>>> print(open('entry27.pdb').read())   # PDB, C-alpha atoms
ATOM      1  CA  MET A1358       7.270   8.897  15.087
ATOM      2  CA  ASN A1359       5.557   9.232  11.729
ATOM      3  CA  ARG A1360       8.096   9.317   8.915
ATOM      4  CA  THR A1361       5.853  10.014   5.933
ATOM      5  CA  LEU A1362       8.562  11.970   4.105
ATOM      6  CA  PRO A1363      12.321  12.164   4.525
ATOM      7  CA  THR A1364      13.264  14.665   7.209
ATOM      8  CA  SER A1365      16.145  16.151   5.219
ATOM      9  CA  SER A1366      17.002  17.091   1.667
ATOM     10  CA  THR A1367      19.127  13.952   1.257
ATOM     11  CA  LEU A1368      18.498  12.173  -2.034
ATOM     12  CA  THR A1369      15.869   9.507  -1.403
ATOM     13  CA  PHE A1370      15.724   6.051  -2.974
ATOM     14  CA  SER A1371      13.037   3.463  -2.305
ATOM     15  CA  VAL A1372      12.361  -0.092  -3.485
ATOM     16  CA  LEU A1373       9.533  -1.361  -5.672
ATOM     17  CA  ASP A1374       9.355  -5.138  -5.416
ATOM     18  CA  LEU A1375       7.127  -7.160  -7.739
ATOM     19  CA  CYS A1376       7.910 -10.355  -5.790
ATOM     20  CA  PRO A1377       9.245 -12.012  -8.943
ATOM     21  CA  VAL A1378       8.697 -15.746  -9.263
ATOM     22  CA  THR A1379      11.627 -17.126 -11.212
ATOM     23  CA  GLU A1380      11.571 -20.069 -13.599
ATOM     24  CA  GLY A1381      11.979 -23.263 -11.587
ATOM     25  CA  SER A1382      10.929 -21.611  -8.324
ATOM     26  CA  ASP A1383       7.675 -20.801  -6.543
ATOM     27  CA  ALA A1384       5.868 -18.085  -4.588
ATOM     28  CA  ALA A1385       7.149 -19.338  -1.230
ATOM     29  CA  GLN A1386      10.745 -18.737  -2.328
ATOM     30  CA  SER A1387       9.727 -15.391  -3.782
ATOM     31  CA  PHE A1388       8.412 -14.265  -0.394
ATOM     32  CA  ARG A1389      11.614 -15.403   1.327
ATOM     33  CA  ASN A1390      13.611 -13.400  -1.199
ATOM     34  CA  THR A1391      11.372 -10.382  -0.683
ATOM     35  CA  LEU A1392      11.918 -10.344   3.062
ATOM     36  CA  ASP A1393      15.667 -10.822   2.607
ATOM     37  CA  LEU A1394      15.809  -7.907   0.160
ATOM     38  CA  ALA A1395      13.733  -5.723   2.486
ATOM     39  CA  ARG A1396      16.079  -6.357   5.396
ATOM     40  CA  HIS A1397      19.086  -5.492   3.236
ATOM     41  CA  ALA A1398      17.328  -2.398   1.850
ATOM     42  CA  GLU A1399      16.663  -1.193   5.388
ATOM     43  CA  ARG A1400      20.357  -1.484   6.240
ATOM     44  CA  TRP A1401      21.395   0.197   2.993
ATOM     45  CA  GLY A1402      19.302   3.292   3.697
ATOM     46  CA  TYR A1403      16.319   2.860   1.396
ATOM     47  CA  PHE A1404      13.372   4.863   2.686
ATOM     48  CA  ARG A1405      10.378   2.757   1.575
ATOM     49  CA  TYR A1406       9.672  -0.757   0.431
ATOM     50  CA  TRP A1407       6.601  -0.970  -1.771
ATOM     51  CA  LEU A1408       4.782  -3.952  -3.256
ATOM     52  CA  ALA A1409       2.417  -3.956  -6.214
ATOM     53  CA  GLU A1410      -0.960  -5.559  -6.870
ATOM     54  CA  HIS A1411      -1.081  -7.780  -9.957
ATOM     55  CA  HIS A1412      -3.341 -10.741 -10.636
ATOM     56  CA  SER A1413      -3.173 -13.926 -12.709
ATOM     57  CA  MET A1414       0.481 -13.296 -13.589
ATOM     58  CA  PRO A1415       2.689 -16.367 -13.003
ATOM     59  CA  GLY A1416       5.806 -14.245 -12.524
ATOM     60  CA  ILE A1417       4.440 -11.869  -9.842
ATOM     61  CA  ALA A1418       3.546 -13.179  -6.380
ATOM     62  CA  SER A1419       2.242 -10.016  -4.666
ATOM     63  CA  ALA A1420      -1.460 -10.381  -5.553
ATOM     64  CA  ALA A1421      -2.531 -10.327  -1.889
ATOM     65  CA  THR A1422      -0.622  -7.088  -1.450
ATOM     66  CA  ALA A1423      -1.740  -6.171   2.072
ATOM     67  CA  VAL A1424      -0.726  -9.635   3.319
ATOM     68  CA  VAL A1425       2.762  -9.328   1.823
ATOM     69  CA  ILE A1426       3.119  -5.827   3.285
ATOM     70  CA  GLY A1427       2.428  -7.308   6.703
ATOM     71  CA  HIS A1428       5.038 -10.005   6.072
ATOM     72  CA  VAL A1429       7.680  -7.412   5.186
ATOM     73  CA  ALA A1430       6.781  -4.978   7.957
ATOM     74  CA  ALA A1431       6.910  -7.750  10.564
ATOM     75  CA  GLY A1432      10.395  -8.743   9.417
ATOM     76  CA  THR A1433      11.863  -5.226   9.392
ATOM     77  CA  SER A1434      12.086  -2.403  11.907
ATOM     78  CA  THR A1435      12.288   1.097  10.448
ATOM     79  CA  ILE A1436      11.743   1.122   6.698
ATOM     80  CA  ARG A1437       8.326   2.326   5.543
ATOM     81  CA  VAL A1438       6.309  -0.403   3.829
ATOM     82  CA  GLY A1439       3.441   0.171   1.463
ATOM     83  CA  ALA A1440       1.466  -0.540  -1.667
ATOM     84  CA  GLY A1441       2.575   0.648  -5.046
ATOM     85  CA  GLY A1442      -0.202   0.148  -5.421
ATOM     86  CA  ILE A1443      -3.619  -1.092  -4.534
ATOM     87  CA  MET A1444      -5.792  -1.088  -7.654
ATOM     88  CA  LEU A1445      -8.855   0.577  -6.181
ATOM     89  CA  PRO A1446     -11.428  -0.488  -8.815
ATOM     90  CA  ASN A1447     -10.842  -4.068  -7.657
ATOM     91  CA  HIS A1448     -11.911  -3.331  -4.066
ATOM     92  CA  ALA A1449     -14.520  -1.599  -1.975
ATOM     93  CA  PRO A1450     -12.881   1.460  -0.372
ATOM     94  CA  LEU A1451     -14.042   0.311   3.065
ATOM     95  CA  VAL A1452     -12.186  -3.001   2.710
ATOM     96  CA  VAL A1453      -8.973  -1.177   1.768
ATOM     97  CA  ALA A1454      -9.390   1.198   4.718
ATOM     98  CA  GLU A1455      -9.817  -1.738   7.096
ATOM     99  CA  GLN A1456      -6.814  -3.587   5.685
ATOM    100  CA  PHE A1457      -4.502  -0.597   5.901
ATOM    101  CA  GLY A1458      -5.974   0.510   9.205
ATOM    102  CA  THR A1459      -5.014  -2.938  10.492
ATOM    103  CA  LEU A1460      -1.496  -2.611   9.082
ATOM    104  CA  GLU A1461      -1.072   0.870  10.566
ATOM    105  CA  SER A1462      -2.282  -0.400  13.946
ATOM    106  CA  LEU A1463       0.232  -3.248  13.834
ATOM    107  CA  PHE A1464       3.126  -1.153  12.498
ATOM    108  CA  PRO A1465       2.399   2.446  13.492
ATOM    109  CA  GLY A1466       4.064   5.199  11.489
ATOM    110  CA  ARG A1467       5.444   2.835   8.832
ATOM    111  CA  ILE A1468       2.589   2.161   6.383
ATOM    112  CA  ASP A1469       1.937   3.878   3.020
ATOM    113  CA  LEU A1470      -1.031   3.393   0.696
ATOM    114  CA  GLY A1471      -0.567   4.044  -3.015
ATOM    115  CA  LEU A1472      -3.722   3.900  -5.132
ATOM    116  CA  GLY A1473      -4.138   3.199  -8.837
ATOM    117  CA  ARG A1474      -7.147   3.022 -11.107
ATOM    118  CA  ALA A1475      -5.914   0.299 -13.479
ATOM    119  CA  PRO A1476      -7.068  -3.276 -12.828
ATOM    120  CA  GLY A1477      -3.564  -4.742 -12.690
ATOM    121  CA  THR A1478      -4.696  -7.614 -14.853
ATOM    122  CA  ASP A1479      -6.738  -8.632 -17.907
ATOM    123  CA  PRO A1480     -10.540  -8.201 -18.306
ATOM    124  CA  ILE A1481     -11.328 -11.886 -17.676
ATOM    125  CA  THR A1482      -9.404 -11.849 -14.403
ATOM    126  CA  SER A1483     -10.975  -8.523 -13.485
ATOM    127  CA  ARG A1484     -14.391 -10.125 -13.766
ATOM    128  CA  ALA A1485     -13.262 -13.041 -11.602
ATOM    129  CA  LEU A1486     -11.978 -10.583  -8.991
ATOM    130  CA  ARG A1487     -15.077  -8.411  -8.870
ATOM    131  CA  ARG A1488     -17.807 -10.755 -10.178
ATOM    132  CA  THR A1489     -18.870  -7.777 -12.276
ATOM    133  CA  LEU A1490     -17.263  -5.074 -14.391
ATOM    134  CA  ASP A1491     -19.873  -2.496 -13.391
ATOM    135  CA  SER A1492     -17.289  -0.506 -11.450
ATOM    136  CA  ASP A1493     -16.182   2.493 -13.489
ATOM    137  CA  PRO A1494     -12.512   3.613 -13.486
ATOM    138  CA  ASN A1495     -13.841   7.137 -14.013
ATOM    139  CA  GLU A1496     -15.269   6.943 -10.488
ATOM    140  CA  PHE A1497     -11.734   6.637  -9.131
ATOM    141  CA  PRO A1498     -11.736  10.204  -7.695
ATOM    142  CA  GLN A1499     -14.936   9.499  -5.755
ATOM    143  CA  ASP A1500     -13.529   6.189  -4.504
ATOM    144  CA  VAL A1501     -10.341   7.926  -3.344
ATOM    145  CA  ALA A1502     -12.380  10.566  -1.506
ATOM    146  CA  GLU A1503     -14.500   7.859   0.132
ATOM    147  CA  LEU A1504     -11.401   5.951   1.209
ATOM    148  CA  MET A1505      -9.771   9.083   2.631
ATOM    149  CA  GLY A1506     -12.954   9.752   4.561
ATOM    150  CA  TYR A1507     -12.706   6.411   6.356
ATOM    151  CA  PHE A1508      -9.376   7.507   7.847
ATOM    152  CA  GLN A1509     -10.916  10.631   9.345
ATOM    153  CA  PRO A1510     -11.972  10.470  13.017
ATOM    154  CA  ALA A1511     -15.394   8.840  13.260
ATOM    155  CA  LYS A1512     -18.281  11.242  13.835
ATOM    156  CA  PRO A1513     -21.090  10.620  16.339
ATOM    157  CA  GLY A1514     -23.765   8.509  14.717
ATOM    158  CA  GLN A1515     -21.599   7.634  11.685
ATOM    159  CA  ALA A1516     -23.223   4.537  10.227
ATOM    160  CA  VAL A1517     -20.197   3.035   8.458
ATOM    161  CA  GLN A1518     -16.766   3.141  10.061
ATOM    162  CA  ALA A1519     -13.419   1.572   9.260
ATOM    163  CA  VAL A1520     -12.431  -0.348  12.384
ATOM    164  CA  PRO A1521      -9.482  -0.206  12.556
ATOM    165  CA  GLY A1522      -8.843   2.763  10.308
ATOM    166  CA  ALA A1523     -10.809   5.744  11.584
ATOM    167  CA  GLY A1524      -8.532   8.428  12.971
ATOM    168  CA  LEU A1525      -5.309   6.790  11.784
ATOM    169  CA  ASN A1526      -2.644   8.527   9.740
ATOM    170  CA  VAL A1527      -2.152   6.351   6.659
ATOM    171  CA  PRO A1528      -0.520   8.504   3.968
ATOM    172  CA  ILE A1529      -2.266   8.123   0.625
ATOM    173  CA  TRP A1530      -0.457   8.448  -2.690
ATOM    174  CA  ILE A1531      -1.907   8.664  -6.179
ATOM    175  CA  LEU A1532      -0.219   6.456  -8.752
ATOM    176  CA  GLY A1533      -0.436   6.950 -12.469
ATOM    177  CA  SER A1534       1.030   6.589 -15.931
ATOM    178  CA  SER A1535      -0.970   9.359 -17.608
ATOM    179  CA  LEU A1536      -2.166  12.904 -17.001
ATOM    180  CA  PHE A1537      -5.282  11.704 -15.160
ATOM    181  CA  GLY A1538      -3.415  10.689 -12.023
ATOM    182  CA  ALA A1539      -1.298  13.836 -12.096
ATOM    183  CA  GLN A1540      -4.419  16.003 -12.198
ATOM    184  CA  LEU A1541      -6.075  14.045  -9.389
ATOM    185  CA  ALA A1542      -3.037  14.105  -7.097
ATOM    186  CA  ALA A1543      -2.693  17.847  -7.666
ATOM    187  CA  ALA A1544      -6.383  18.496  -6.955
ATOM    188  CA  PHE A1545      -6.344  16.447  -3.723
ATOM    189  CA  GLY A1546      -2.993  17.865  -2.590
ATOM    190  CA  LEU A1547      -1.452  14.384  -2.380
ATOM    191  CA  PRO A1548       1.974  12.980  -3.287
ATOM    192  CA  TYR A1549       2.227  11.523  -6.774
ATOM    193  CA  ALA A1550       4.098   8.470  -8.048
ATOM    194  CA  PHE A1551       4.502   8.131 -11.803
ATOM    195  CA  ALA A1552       5.036   4.689 -13.350
ATOM    196  CA  SER A1553       7.934   5.772 -15.537
ATOM    197  CA  HIS A1554       9.613   2.385 -15.053
ATOM    198  CA  PHE A1555       7.201   0.817 -17.566
ATOM    199  CA  ALA A1556       5.049   3.617 -19.078
ATOM    200  CA  PRO A1557       7.287   6.678 -19.512
ATOM    201  CA  ALA A1558       5.607   8.245 -22.546
ATOM    202  CA  GLN A1559       3.762  11.028 -20.705
ATOM    203  CA  MET A1560       6.184  11.440 -17.823
ATOM    204  CA  MET A1561       7.366  14.991 -18.484
ATOM    205  CA  GLN A1562       3.825  16.214 -19.219
ATOM    206  CA  ALA A1563       2.522  14.584 -16.056
ATOM    207  CA  ILE A1564       5.278  16.179 -13.971
ATOM    208  CA  GLU A1565       4.409  19.630 -15.313
ATOM    209  CA  VAL A1566       0.675  19.133 -14.753
ATOM    210  CA  TYR A1567       1.164  17.874 -11.209
ATOM    211  CA  ARG A1568       3.503  20.638 -10.127
ATOM    212  CA  SER A1569       1.660  23.497 -11.805
ATOM    213  CA  ARG A1570      -1.812  22.488 -10.578
ATOM    214  CA  PHE A1571      -0.949  21.303  -7.068
ATOM    215  CA  ARG A1572      -3.240  22.650  -4.354
ATOM    216  CA  PRO A1573      -1.837  22.576  -0.809
ATOM    217  CA  SER A1574      -3.941  20.451   1.517
ATOM    218  CA  GLU A1575      -4.048  19.307   5.119
ATOM    219  CA  HIS A1576      -2.007  16.341   3.936
ATOM    220  CA  PHE A1577       0.795  18.040   1.981
ATOM    221  CA  GLN A1578       1.783  21.674   1.602
ATOM    222  CA  ARG A1579       3.847  21.202  -1.538
ATOM    223  CA  PRO A1580       3.991  18.740  -4.414
ATOM    224  CA  TYR A1581       6.040  15.635  -3.791
ATOM    225  CA  LEU A1582       7.007  13.600  -6.841
ATOM    226  CA  ARG A1583       8.368  10.084  -6.971
ATOM    227  CA  LEU A1584       9.334   8.381 -10.207
ATOM    228  CA  GLY A1585       9.692   4.697 -10.983
ATOM    229  CA  TYR A1586      13.105   3.720 -12.317
ATOM    230  CA  ASN A1587      14.651   0.434 -13.451
ATOM    231  CA  VAL A1588      18.195  -0.331 -12.386
ATOM    232  CA  SER A1589      20.286  -3.255 -13.536
ATOM    233  CA  THR A1590      23.791  -2.818 -12.253
ATOM    234  CA  ALA A1591      26.741  -5.054 -11.534
ATOM    235  CA  ASP A1592      30.484  -4.732 -11.232
ATOM    236  CA  THR A1593      30.929  -4.480 -15.023
ATOM    237  CA  ASP A1594      28.859  -3.121 -17.899
ATOM    238  CA  ALA A1595      28.854  -6.505 -19.622
ATOM    239  CA  GLU A1596      27.547  -8.342 -16.570
ATOM    240  CA  ALA A1597      24.839  -5.725 -15.961
ATOM    241  CA  GLN A1598      23.677  -5.895 -19.577
ATOM    242  CA  TYR A1599      23.533  -9.682 -19.385
ATOM    243  CA  LEU A1600      21.532  -9.648 -16.135
ATOM    244  CA  ALA A1601      19.118  -7.074 -17.583
ATOM    245  CA  THR A1602      17.947  -9.541 -20.217
ATOM    246  CA  SER A1603      15.633 -11.202 -17.667
ATOM    247  CA  MET A1604      13.751  -7.902 -17.296
ATOM    248  CA  GLN A1605      13.767  -7.389 -21.051
ATOM    249  CA  GLN A1606      12.340 -10.847 -21.659
ATOM    250  CA  ALA A1607       9.565 -10.159 -19.152
ATOM    251  CA  PHE A1608       8.454  -7.015 -20.980
ATOM    252  CA  VAL A1609       8.589  -8.640 -24.415
ATOM    253  CA  ASN A1610       6.701 -11.743 -23.259
ATOM    254  CA  LEU A1611       4.033  -9.581 -21.637
ATOM    255  CA  ARG A1612       3.523  -7.608 -24.850
ATOM    256  CA  ARG A1613       3.330 -10.877 -26.767
ATOM    257  CA  GLY A1614       0.491 -11.939 -24.470
ATOM    258  CA  GLN A1615       2.650 -14.645 -22.913
ATOM    259  CA  PRO A1616       3.364 -13.562 -19.334
ATOM    260  CA  GLY A1617       5.269 -16.142 -17.359
ATOM    261  CA  LYS A1618       7.848 -16.638 -14.658
ATOM    262  CA  LEU A1619      10.985 -14.517 -14.714
ATOM    263  CA  GLN A1620      13.451 -16.164 -17.081
ATOM    264  CA  PRO A1621      17.211 -16.675 -16.730
ATOM    265  CA  PRO A1622      19.390 -14.143 -18.560
ATOM    266  CA  VAL A1623      20.291 -14.856 -22.173
ATOM    267  CA  GLU A1624      23.489 -13.924 -23.989
ATOM    268  CA  GLY A1625      22.817 -11.737 -27.017
ATOM    269  CA  TYR A1626      19.079 -11.468 -26.286
ATOM    270  CA  LEU A1627      18.584  -8.055 -27.862
ATOM    271  CA  GLU A1628      20.188  -9.194 -31.098
ATOM    272  CA  GLN A1629      17.605 -11.984 -31.339
ATOM    273  CA  LEU A1630      14.652  -9.588 -31.342
ATOM    274  CA  ALA A1631      12.854  -8.223 -34.381
ATOM    275  CA  PRO A1632      13.167  -4.441 -34.887
ATOM    276  CA  PRO A1633       9.631  -3.690 -33.601
ATOM    277  CA  GLU A1634      10.386  -5.452 -30.314
ATOM    278  CA  ARG A1635      13.719  -3.667 -29.987
ATOM    279  CA  ALA A1636      11.874  -0.383 -30.509
ATOM    280  CA  LEU A1637       9.293  -1.403 -27.899
ATOM    281  CA  LEU A1638      12.001  -2.004 -25.306
ATOM    282  CA  ASP A1639      13.713   1.267 -26.153
ATOM    283  CA  GLN A1640      10.430   3.061 -25.456
ATOM    284  CA  VAL A1641       9.086   1.299 -22.362
ATOM    285  CA  LEU A1642      12.510   1.039 -20.721
ATOM    286  CA  SER A1643      13.672   4.563 -21.443
ATOM    287  CA  CYS A1644      13.740   5.250 -17.676
ATOM    288  CA  THR A1645      16.327   2.594 -16.986
ATOM    289  CA  ALA A1646      19.975   2.527 -15.946
ATOM    290  CA  ILE A1647      22.025  -0.493 -17.016
ATOM    291  CA  GLY A1648      25.736  -0.821 -16.425
ATOM    292  CA  SER A1649      28.609  -0.649 -13.987
ATOM    293  CA  PRO A1650      28.442   1.588 -10.902
ATOM    294  CA  ASP A1651      30.070   4.521 -12.714
ATOM    295  CA  SER A1652      27.781   4.152 -15.712
ATOM    296  CA  VAL A1653      24.648   3.872 -13.580
ATOM    297  CA  ARG A1654      25.639   6.896 -11.510
ATOM    298  CA  THR A1655      25.935   8.983 -14.673
ATOM    299  CA  GLN A1656      22.550   7.783 -15.950
ATOM    300  CA  ILE A1657      20.737   8.377 -12.658
ATOM    301  CA  LYS A1658      22.281  11.824 -12.240
ATOM    302  CA  ALA A1659      21.096  12.834 -15.708
ATOM    303  CA  PHE A1660      17.590  11.516 -14.993
ATOM    304  CA  LEU A1661      17.342  13.434 -11.732
ATOM    305  CA  GLU A1662      18.576  16.630 -13.381
ATOM    306  CA  ARG A1663      15.986  16.237 -16.146
ATOM    307  CA  THR A1664      13.022  15.523 -13.870
ATOM    308  CA  GLY A1665      13.814  17.099 -10.496
ATOM    309  CA  ALA A1666      12.209  14.101  -8.790
ATOM    310  CA  ASP A1667      11.963  14.212  -4.998
ATOM    311  CA  GLU A1668      12.403  10.450  -4.817
ATOM    312  CA  LEU A1669      13.193   7.483  -7.027
ATOM    313  CA  ILE A1670      11.550   4.124  -6.444
ATOM    314  CA  ILE A1671      13.835   1.525  -7.930
ATOM    315  CA  THR A1672      12.919  -1.834  -9.338
ATOM    316  CA  SER A1673      15.513  -4.402 -10.287
ATOM    317  CA  GLN A1674      14.139  -7.482 -11.994
ATOM    318  CA  MET A1675      16.890 -10.076 -11.917
ATOM    319  CA  PHE A1676      16.749 -13.843 -12.046
ATOM    320  CA  ASP A1677      19.508 -14.502  -9.512
ATOM    321  CA  HIS A1678      18.684 -13.280  -6.012
ATOM    322  CA  ALA A1679      22.299 -12.608  -5.062
ATOM    323  CA  ALA A1680      22.793 -10.532  -8.212
ATOM    324  CA  ARG A1681      19.599  -8.628  -7.435
ATOM    325  CA  LEU A1682      20.836  -7.847  -3.929
ATOM    326  CA  ARG A1683      24.105  -6.609  -5.386
ATOM    327  CA  SER A1684      22.238  -4.371  -7.836
ATOM    328  CA  TYR A1685      20.318  -2.705  -5.013
ATOM    329  CA  GLU A1686      23.490  -2.409  -2.945
ATOM    330  CA  ILE A1687      25.266  -0.610  -5.784
ATOM    331  CA  ALA A1688      22.256   1.662  -6.276
ATOM    332  CA  ALA A1689      22.432   2.583  -2.593
ATOM    333  CA  GLU A1690      26.120   3.407  -3.016
ATOM    334  CA  VAL A1691      25.239   5.569  -6.015
ATOM    335  CA  ARG A1692      22.718   7.436  -3.905
ATOM    336  CA  GLU A1693      25.388   8.167  -1.325
ATOM    337  CA  ALA A1694      27.756   9.395  -4.051
ATOM    338  CA  LEU A1695      25.112  11.705  -5.541
ATOM    339  CA  ALA A1696      23.748  13.043  -2.248
TER     340      ALA A1696
END
>>> encode(input="entry27.pdb", output="structure tokens")
Amino acid sequence: MNRTLPTSSTLTFSVLDLCPVTEGSDAAQSFRNTLDLARHAERWGYFRYWLAEHHSMPGIASAATAVVIGHVAAGTSTIRVGAGGIMLPNHAPLVVAEQFGTLESLFPGRIDLGLGRAPGTDPITSRALRRTLDSDPNEFPQDVAELMGYFQPAKPGQAVQAVPGAGLNVPIWILGSSLFGAQLAAAFGLPYAFASHFAPAQMMQAIEVYRSRFRPSEHFQRPYLRLGYNVSTADTDAEAQYLATSMQQAFVNLRRGQPGKLQPPVEGYLEQLAPPERALLDQVLSCTAIGSPDSVRTQIKAFLERTGADELIITSQMFDHAARLRSYEIAAEVREALA
């Protein structure tokens, strides 16, 4: 059975996993942690488990996103698994169609494909990926249309086919952090995922554009909006705030041009920052809940009331794997309480 969307109006939470590589560890351990989290998330009632494409970032192990999706799907049974997302300018649409056609053939009815137009890396790495920077992000709509075409049933005499891929139902999502993606998702009649977990500035504008301009399509009859959301929760506010400093360090180091492995939490980290960096965190992490279960429930409820999101995709960047599992477990309990 294809489970593209939830079958009821129950509040839906999903997982966004960046496969964090922690200081002192390696990618192999990251992948073991990812599969362990996915199995727990499936039991806790999360609807999807998505992985993101990033390159040349020592703290993120999911560069070969389709491979990691296969790893997670093979180790789970019912949860949908997908890309949040594949950065389409880095790839020929046919290659993506073949990869996700393969995944859908292996794990029928469980694969999602989210598409973004950012490179997911720096210009030097982009050149290494593509061997050229001739690809134009402004051609993203044409690339999406080409990719969607490869999933249509093959026509007699069709010269280029995605095998596997043609005739398979691989739901496509548009990802974005600006109005561009909202406009494109609305025009194509596709579900839209906004990256509010790290780029929230245009979130409310993008929501309005997407909903007001949505055109029903053969894929979706109504707009479906998912928002990225950071959660750092533990049994007490103090513990949650302490654990959140690993995520905060990652954002500050990235903006300093010093991306690295995910660092251990630091007592009093925010107090050590200069005012501009504190202001940066306040802005980029404005779609974040930090605190005890009661505190996080209040924050998530307010966010849902403000946005009317159909689904939240939650990311929890924590250094300690057991603490990260506990954060997602509490978030699942919050979902049950709010449903």
>>> atom_distance(input="entry27.pdb", atom1="CA of Leu1695 (chain A)", atom2="CA of Leu1373 (chain A)")
20.3 Å
>>> resolve_selection(input="entry27.pdb", expression="the PyMOL selection byres ((chain A and resi 1520-1531) around 9)", output="PyMOL selection string")
chain A and resi 1359+1361+1441-1442+1454-1459+1461-1462+1465-1473+1501+1505-1511+1518-1519+1532-1533+1538-1539+1541-1542+1547-1551+1576
>>> write_last_selection(input="entry27.pdb", atoms="C-alpha atoms", output="mmCIF file, in the frame of the given file")
data_model
loop_
_atom_site.group_PDB
_atom_site.id
_atom_site.type_symbol
_atom_site.label_atom_id
_atom_site.label_comp_id
_atom_site.auth_asym_id
_atom_site.auth_seq_id
_atom_site.Cartn_x
_atom_site.Cartn_y
_atom_site.Cartn_z
ATOM 1 C CA ASN A 1359 5.557 9.232 11.729
ATOM 2 C CA THR A 1361 5.853 10.014 5.933
ATOM 3 C CA GLY A 1441 2.575 0.648 -5.046
ATOM 4 C CA GLY A 1442 -0.202 0.148 -5.421
ATOM 5 C CA ALA A 1454 -9.390 1.198 4.718
ATOM 6 C CA GLU A 1455 -9.817 -1.738 7.096
ATOM 7 C CA GLN A 1456 -6.814 -3.587 5.685
ATOM 8 C CA PHE A 1457 -4.502 -0.597 5.901
ATOM 9 C CA GLY A 1458 -5.974 0.510 9.205
ATOM 10 C CA THR A 1459 -5.014 -2.938 10.492
ATOM 11 C CA GLU A 1461 -1.072 0.870 10.566
ATOM 12 C CA SER A 1462 -2.282 -0.400 13.946
ATOM 13 C CA PRO A 1465 2.399 2.446 13.492
ATOM 14 C CA GLY A 1466 4.064 5.199 11.489
ATOM 15 C CA ARG A 1467 5.444 2.835 8.832
ATOM 16 C CA ILE A 1468 2.589 2.161 6.383
ATOM 17 C CA ASP A 1469 1.937 3.878 3.020
ATOM 18 C CA LEU A 1470 -1.031 3.393 0.696
ATOM 19 C CA GLY A 1471 -0.567 4.044 -3.015
ATOM 20 C CA LEU A 1472 -3.722 3.900 -5.132
ATOM 21 C CA GLY A 1473 -4.138 3.199 -8.837
ATOM 22 C CA VAL A 1501 -10.341 7.926 -3.344
ATOM 23 C CA MET A 1505 -9.771 9.083 2.631
ATOM 24 C CA GLY A 1506 -12.954 9.752 4.561
ATOM 25 C CA TYR A 1507 -12.706 6.411 6.356
ATOM 26 C CA PHE A 1508 -9.376 7.507 7.847
ATOM 27 C CA GLN A 1509 -10.916 10.631 9.345
ATOM 28 C CA PRO A 1510 -11.972 10.470 13.017
ATOM 29 C CA ALA A 1511 -15.394 8.840 13.260
ATOM 30 C CA GLN A 1518 -16.766 3.141 10.061
ATOM 31 C CA ALA A 1519 -13.419 1.572 9.260
ATOM 32 C CA LEU A 1532 -0.219 6.456 -8.752
ATOM 33 C CA GLY A 1533 -0.436 6.950 -12.469
ATOM 34 C CA GLY A 1538 -3.415 10.689 -12.023
ATOM 35 C CA ALA A 1539 -1.298 13.836 -12.096
ATOM 36 C CA LEU A 1541 -6.075 14.045 -9.389
ATOM 37 C CA ALA A 1542 -3.037 14.105 -7.097
ATOM 38 C CA LEU A 1547 -1.452 14.384 -2.380
ATOM 39 C CA PRO A 1548 1.974 12.980 -3.287
ATOM 40 C CA TYR A 1549 2.227 11.523 -6.774
ATOM 41 C CA ALA A 1550 4.098 8.470 -8.048
ATOM 42 C CA PHE A 1551 4.502 8.131 -11.803
ATOM 43 C CA HIS A 1576 -2.007 16.341 3.936
#
>>> atom_distance(input="entry27.pdb", atom1="CA of Thr1593 (chain A)", atom2="CA of Ser1652 (chain A)")
9.2 Å
>>> resolve_selection(input="entry27.pdb", expression="the PyMOL selection byres ((chain A and resi 1368) around 12)", output="ChimeraX atom specification")
/A:1362-1367,1369-1371,1402-1404,1583,1657-1658,1661,1665-1670,1688-1696
>>> resolve_selection(input="entry27.pdb", expression="the PyMOL selection byres ((chain A and resi 1443) around 10)", output="list in words")
Leu1408, Ala1409, Glu1410, His1411, Ala1420, Ala1421, Thr1422, Ala1423, Gly1439, Ala1440, Gly1441, Gly1442, Met1444, Leu1445, Pro1446, Asn1447, His1448, Val1453, Leu1470, Gly1471, Leu1472, Gly1473, Arg1474, Ala1475, Pro1476, Gly1477 and Leu1532 of chain A
>>> write_last_selection(input="entry27.pdb", atoms="C-alpha atoms", output="tab-separated table (two decimals), in the frame of the given file")
chain	number	residue	atom	x	y	z
A	1408	LEU	CA	4.78	-3.95	-3.26
A	1409	ALA	CA	2.42	-3.96	-6.21
A	1410	GLU	CA	-0.96	-5.56	-6.87
A	1411	HIS	CA	-1.08	-7.78	-9.96
A	1420	ALA	CA	-1.46	-10.38	-5.55
A	1421	ALA	CA	-2.53	-10.33	-1.89
A	1422	THR	CA	-0.62	-7.09	-1.45
A	1423	ALA	CA	-1.74	-6.17	2.07
A	1439	GLY	CA	3.44	0.17	1.46
A	1440	ALA	CA	1.47	-0.54	-1.67
A	1441	GLY	CA	2.58	0.65	-5.05
A	1442	GLY	CA	-0.20	0.15	-5.42
A	1444	MET	CA	-5.79	-1.09	-7.65
A	1445	LEU	CA	-8.86	0.58	-6.18
A	1446	PRO	CA	-11.43	-0.49	-8.82
A	1447	ASN	CA	-10.84	-4.07	-7.66
A	1448	HIS	CA	-11.91	-3.33	-4.07
A	1453	VAL	CA	-8.97	-1.18	1.77
A	1470	LEU	CA	-1.03	3.39	0.70
A	1471	GLY	CA	-0.57	4.04	-3.02
A	1472	LEU	CA	-3.72	3.90	-5.13
A	1473	GLY	CA	-4.14	3.20	-8.84
A	1474	ARG	CA	-7.15	3.02	-11.11
A	1475	ALA	CA	-5.91	0.30	-13.48
A	1476	PRO	CA	-7.07	-3.28	-12.83
A	1477	GLY	CA	-3.56	-4.74	-12.69
A	1532	LEU	CA	-0.22	6.46	-8.75
>>> residues_around(input="entry27.pdb", residues="Arg1389 (chain A)", least_positions_apart="5", cutoff="12 Å", atoms="all atoms listed in the file", output="list of chain:residue names")
A:Cys1376, A:Pro1377, A:Val1378, A:Ser1382, A:Asp1383, A:Ala1384, A:Leu1394, A:Ala1395, A:Arg1396, A:Ala1418, A:Val1425, A:His1428, A:Val1429, A:Gly1432, A:His1678
